[in-house]
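Below: one structure, written as structure tokens.
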Amino acid sequence: DAFRIDVVTIFPEYLAPLRQSLLGKAIERGLLSVGVHDLREWTDDVHRTVDDAPYGGGPGMVLKPEPWGRALEAVRPPGTRLVVPTPAGRPFTQRMAAEWATEPGLVFACGRYEGIDQRVADWAAGAGPVSEVSIGDYVLAGGESAVLVMTEAVTRLIPGVVGNRESVEFDSHADGLLEGPSYTRPATWRGHEVPAVLLSGDHAGIARWRRAESLRRTAARRPDLLSALPGDALTDAERAA
Ligand code: ADE
């Protein structure tokens with residue numbers, strides 16, 4: 001069956017890119033199906049009010065719980081993971097993307113303003129897993145662009161969505177390291193040479209060089225990733241380098 005993604009938002013137009021390029025192709029091929037829903041459909045006043053001032057005072061507005069309760073009852077199949085993008089969430093990782101890609105589908109609840117009344121996530125946890133996640137240590141205006149990021153990371157791991165399985169298995173982060181640099185023709189460009197080993201035809205030598213570049217780049221750019229590797233991930237020689 002197709003992987004199912006539902007998104008509830010007050011800016012449904014913002015999710016139009018979900019139907020384009022890689023994801024659009026996956027929809028056409030029956031691997032993915034997508035529903036985008038306007039939260040205001042589940043309001044019950046003439047003004048279609050979705051927000052209110054925060055209890056306890058402070059700036060901004062909070063999304064009211066009642067429309068969310070009705071929206072999620074209508075849109076979320078029982079047991080389906082609810083993902084709530086928020087800068088106050090756990091960091092979204094490749095590991096989460098891989099795990100979520102094995103599930104039947106996902107429902108995303110997009111907040112704006114100062115977020116969604118916390119009782120929505122608390123109540124929703126009674127009907128299936130709820131993940132409050134952040135895509136990085138910066139503040140967006142709302143969860144919509146975070147949904148685009150996460151759906152792209154998850155759907156490319158669904159079998160058949162990306163043509164080349166290897167291009168998924170050898171990605172940056174798949175083994176906890178960053179990928180090293182890539183090159184294509186010409187061998188010399190504006191005075192810059194492609195590393196000679198890549199032209200050598202020595203496959204074992206190329207594999208060793210790539211591993212070394214991957215470690216070098218990870219140490220330079222993401223030392224936190226190196227420290228987090230399991231004890232047996234590096235050889236003694238690699239650890240020493
Ligand atoms: N909403 C606002 N900022 C966000 C972030 N960094 N990640 C996920 N959702 C957000």
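In the structure tokens, the first chain shown is A, the next is B, and so on; residue numbers restart at 1 for each chain, and ligands run from 1 in the order shown.
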
> Counting only C-alpha atoms and all ligand atoms, what residues are within 8 Å of ligand 1, given as a PyMOL selection string?
Replying inline: chain A and resi 84-89+111-112+133-147

Write a file of the selected residues as a short mmCIF file (atom, residue, chain, number, x, y, z; two decimals), in the first residue's frame, keeping C-alpha atoms.
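Done, and the output landed in selection_1.cif:
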```cif
data_model
loop_
_atom_site.label_atom_id
_atom_site.label_comp_id
_atom_site.auth_asym_id
_atom_site.auth_seq_id
_atom_site.Cartn_x
_atom_site.Cartn_y
_atom_site.Cartn_z
CA VAL A 84 4.39 18.13 15.63
CA PRO A 85 7.20 20.38 14.31
CA THR A 86 8.37 22.78 17.01
CA PRO A 87 11.67 24.49 17.84
CA ALA A 88 11.17 23.01 21.33
CA GLY A 89 11.17 19.43 20.01
CA GLY A 111 1.82 25.22 14.48
CA ARG A 112 2.19 28.97 13.93
CA VAL A 133 10.52 17.44 16.72
CA SER A 134 12.78 20.30 15.67
CA ILE A 135 14.64 20.40 12.35
CA GLY A 136 17.41 22.57 13.77
CA ASP A 137 18.45 25.19 16.29
CA TYR A 138 16.75 28.17 14.67
CA VAL A 139 13.19 29.49 14.79
CA LEU A 140 10.92 29.31 11.74
CA ALA A 141 7.65 31.22 11.38
CA GLY A 142 5.75 27.93 11.41
CA GLY A 143 5.96 24.18 11.00
CA GLU A 144 5.12 24.06 7.27
CA SER A 145 8.67 24.28 5.92
CA ALA A 146 9.78 21.75 8.57
CA VAL A 147 7.11 19.38 7.21
#
```

>> Please extract the residues of chain A with a backbone DSSP assignment of alpha helix (DSSP H) and present them as an MDAnalysis selection string.
In response: chainID A and resid 21:28 65:75 94:100 118:124 144:155 165:169 203:221 223:228 236:240

> Can you tell me, as number ranges by chain, what residues are no more than 9 Å from range 102-110 of chain A when counting only C-alpha atoms, ignoring any on the same chain fewer than 2 positions away?
Replying inline: A: 1-11, 68, 72, 75-77, 80-86, 97-100, 112, 115-116, 142-144, 146-147, 157-158

>> I'd like the contact shell of range 49-60 of chain A - 9 Å cut-off, only C-alpha atoms, skipping same-chain residues fewer than 2 positions apart - returned as an MDAnalysis selection string.
In response: chainID A and resid 10 39:40 43:47 62:68 113:114 116:117

Go ahead and write the selection's residues with C-alpha atoms as a compact mmCIF listing (two decimals), in the first residue's frame.
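Output (selection.txt):
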```txt
# COMPACT_ATOMS: atom_id res chain seq x y z
CA ILE A 10 -3.66 27.08 8.47
CA LEU A 39 -7.43 23.63 10.14
CA ARG A 40 -10.19 26.24 9.70
CA THR A 43 -13.61 25.74 13.48
CA ASP A 44 -17.17 26.35 14.65
CA ASP A 45 -17.54 30.17 14.73
CA VAL A 46 -18.26 32.60 11.87
CA HIS A 47 -14.77 34.10 12.15
CA VAL A 62 -1.58 30.03 20.79
CA LEU A 63 -3.55 27.69 18.49
CA LYS A 64 -6.74 26.65 20.32
CA PRO A 65 -7.22 22.95 21.05
CA GLU A 66 -10.84 22.41 19.90
CA PRO A 67 -10.30 22.63 16.10
CA TRP A 68 -7.24 20.37 16.47
CA TYR A 113 2.45 31.83 16.39
CA GLU A 114 3.59 30.56 19.77
CA ILE A 116 -0.34 24.65 19.65
CA ASP A 117 -2.04 24.27 23.06
```

> Which residues come within 12 Å of Ala196 in chain A, counting only C-alpha atoms, excluding same-chain residues fewer than 2 positions away, as an NGL selection string?
Replying inline: :A and (183 or 187-188 or 192-194 or 198-202 or 205-206 or 209)

Write the selection just made, keeping C-alpha atoms, as a PDB file, in the first residue's frame?
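Okay, selection29.pdb is ready:
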```
ATOM      1  CA  TYR A 183      33.865  14.973  -8.756  1.00  0.00           C
ATOM      2  CA  ALA A 187      39.615  16.058 -14.881  1.00  0.00           C
ATOM      3  CA  THR A 188      41.012  19.626 -14.847  1.00  0.00           C
ATOM      4  CA  HIS A 192      41.597  22.651 -10.177  1.00  0.00           C
ATOM      5  CA  GLU A 193      42.422  18.926 -10.508  1.00  0.00           C
ATOM      6  CA  VAL A 194      40.309  15.915  -9.569  1.00  0.00           C
ATOM      7  CA  LEU A 198      39.865   8.704  -8.454  1.00  0.00           C
ATOM      8  CA  LEU A 199      41.319   8.360 -11.978  1.00  0.00           C
ATOM      9  CA  SER A 200      43.572   5.409 -11.036  1.00  0.00           C
ATOM     10  CA  GLY A 201      41.133   2.520 -11.447  1.00  0.00           C
ATOM     11  CA  ASP A 202      42.422   1.150  -8.101  1.00  0.00           C
ATOM     12  CA  GLY A 205      42.616   2.576  -3.097  1.00  0.00           C
ATOM     13  CA  ILE A 206      39.555   4.651  -3.986  1.00  0.00           C
ATOM     14  CA  TRP A 209      40.646   7.419   0.085  1.00  0.00           C
TER      15      TRP A 209
END
```

>> DSSP on the backbone, strand (DSSP E or B) only: what residues of range 17-126 of chain A does that give? Format it as an NGL selection string.
In response: :A and (32-38 or 51-52 or 62-63 or 81-91 or 105-109 or 116)

Selection above as a file: C-alpha atoms, as a short mmCIF file (atom, residue, chain, number, x, y, z; two decimals), in the first residue's frame:
```cif
data_model
loop_
_atom_site.label_atom_id
_atom_site.label_comp_id
_atom_site.auth_asym_id
_atom_site.auth_seq_id
_atom_site.Cartn_x
_atom_site.Cartn_y
_atom_site.Cartn_z
CA LEU A 32 2.80 7.80 -1.80
CA SER A 33 -0.48 9.60 -1.18
CA VAL A 34 -0.83 13.05 0.35
CA GLY A 35 -3.69 14.98 1.97
CA VAL A 36 -3.40 18.64 2.97
CA HIS A 37 -6.13 19.97 5.26
CA ASP A 38 -7.05 23.50 6.35
CA ASP A 51 -5.96 31.10 17.98
CA ASP A 52 -6.25 32.86 21.31
CA VAL A 62 -1.58 30.03 20.79
CA LEU A 63 -3.55 27.69 18.49
CA ARG A 81 2.30 8.68 14.30
CA LEU A 82 1.49 12.36 14.86
CA VAL A 83 4.47 14.62 14.15
CA VAL A 84 4.39 18.13 15.63
CA PRO A 85 7.20 20.38 14.31
CA THR A 86 8.37 22.78 17.01
CA PRO A 87 11.67 24.49 17.84
CA ALA A 88 11.17 23.01 21.33
CA GLY A 89 11.17 19.43 20.01
CA ARG A 90 13.73 16.60 19.97
CA PRO A 91 16.17 16.97 17.04
CA GLY A 105 2.05 6.82 7.17
CA LEU A 106 2.38 10.05 9.16
CA VAL A 107 0.16 12.94 10.21
CA PHE A 108 1.75 16.37 10.65
CA ALA A 109 0.22 19.14 12.81
CA ILE A 116 -0.34 24.65 19.65
#
```

>> Using only C-alpha atoms, can you tell me which of A:Arg29, A:Ala101, A:Gly79, A:Asp232 comes closest to Thr155 in chain A?
In response: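 Nearest to Thr155 in chain A: A:Ala101.
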
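The interatomic distance for the pair CA of Ile27 in chain A and CA of Asp175 in chain A works out to 28.8 Å.
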
> Hey, what's within 12 Å of Arg222 in chain A if we count only C-alpha atoms and toss same-chain stuff fewer than 6 positions away? As a list of chain:residue names, please?
Replying inline: A:Ser172, A:His173, A:Gly176, A:Leu177, A:Leu178, A:Glu179, A:Ser214, A:Leu215, A:Arg216, A:Ala228, A:Leu229

Those selected residues, please, written with N, CA and C atoms and delivered as a CSV table (one decimal), in the first residue's frame.
```
chain,number,residue,atom,x,y,z
A,172,SER,N,25.4,10.7,3.2
A,172,SER,CA,25.9,11.3,4.5
A,172,SER,C,24.9,10.9,5.6
A,173,HIS,N,25.4,10.6,6.7
A,173,HIS,CA,24.7,10.3,7.9
A,173,HIS,C,24.2,8.8,8.0
A,176,GLY,N,26.7,7.4,10.0
A,176,GLY,CA,27.1,8.3,11.1
A,176,GLY,C,28.2,9.2,10.8
A,177,LEU,N,28.7,9.2,9.5
A,177,LEU,CA,29.7,10.1,9.1
A,177,LEU,C,29.2,11.0,7.9
A,178,LEU,N,29.9,12.1,7.7
A,178,LEU,CA,29.6,12.9,6.5
A,178,LEU,C,30.2,12.3,5.3
A,179,GLU,N,29.6,12.5,4.1
A,179,GLU,CA,30.2,12.0,2.9
A,179,GLU,C,31.3,13.0,2.5
A,214,SER,N,36.0,11.1,4.3
A,214,SER,CA,34.8,11.1,5.1
A,214,SER,C,35.1,11.4,6.6
A,215,LEU,N,36.1,10.7,7.1
A,215,LEU,CA,36.6,10.9,8.5
A,215,LEU,C,37.1,12.3,8.6
A,216,ARG,N,37.9,12.8,7.7
A,216,ARG,CA,38.6,14.1,7.8
A,216,ARG,C,37.5,15.2,7.8
A,228,ALA,N,30.1,10.5,18.8
A,228,ALA,CA,28.9,9.7,19.0
A,228,ALA,C,29.0,8.4,18.4
A,229,LEU,N,30.0,8.1,17.6
A,229,LEU,CA,30.1,6.8,16.9
A,229,LEU,C,30.3,5.6,18.0
```
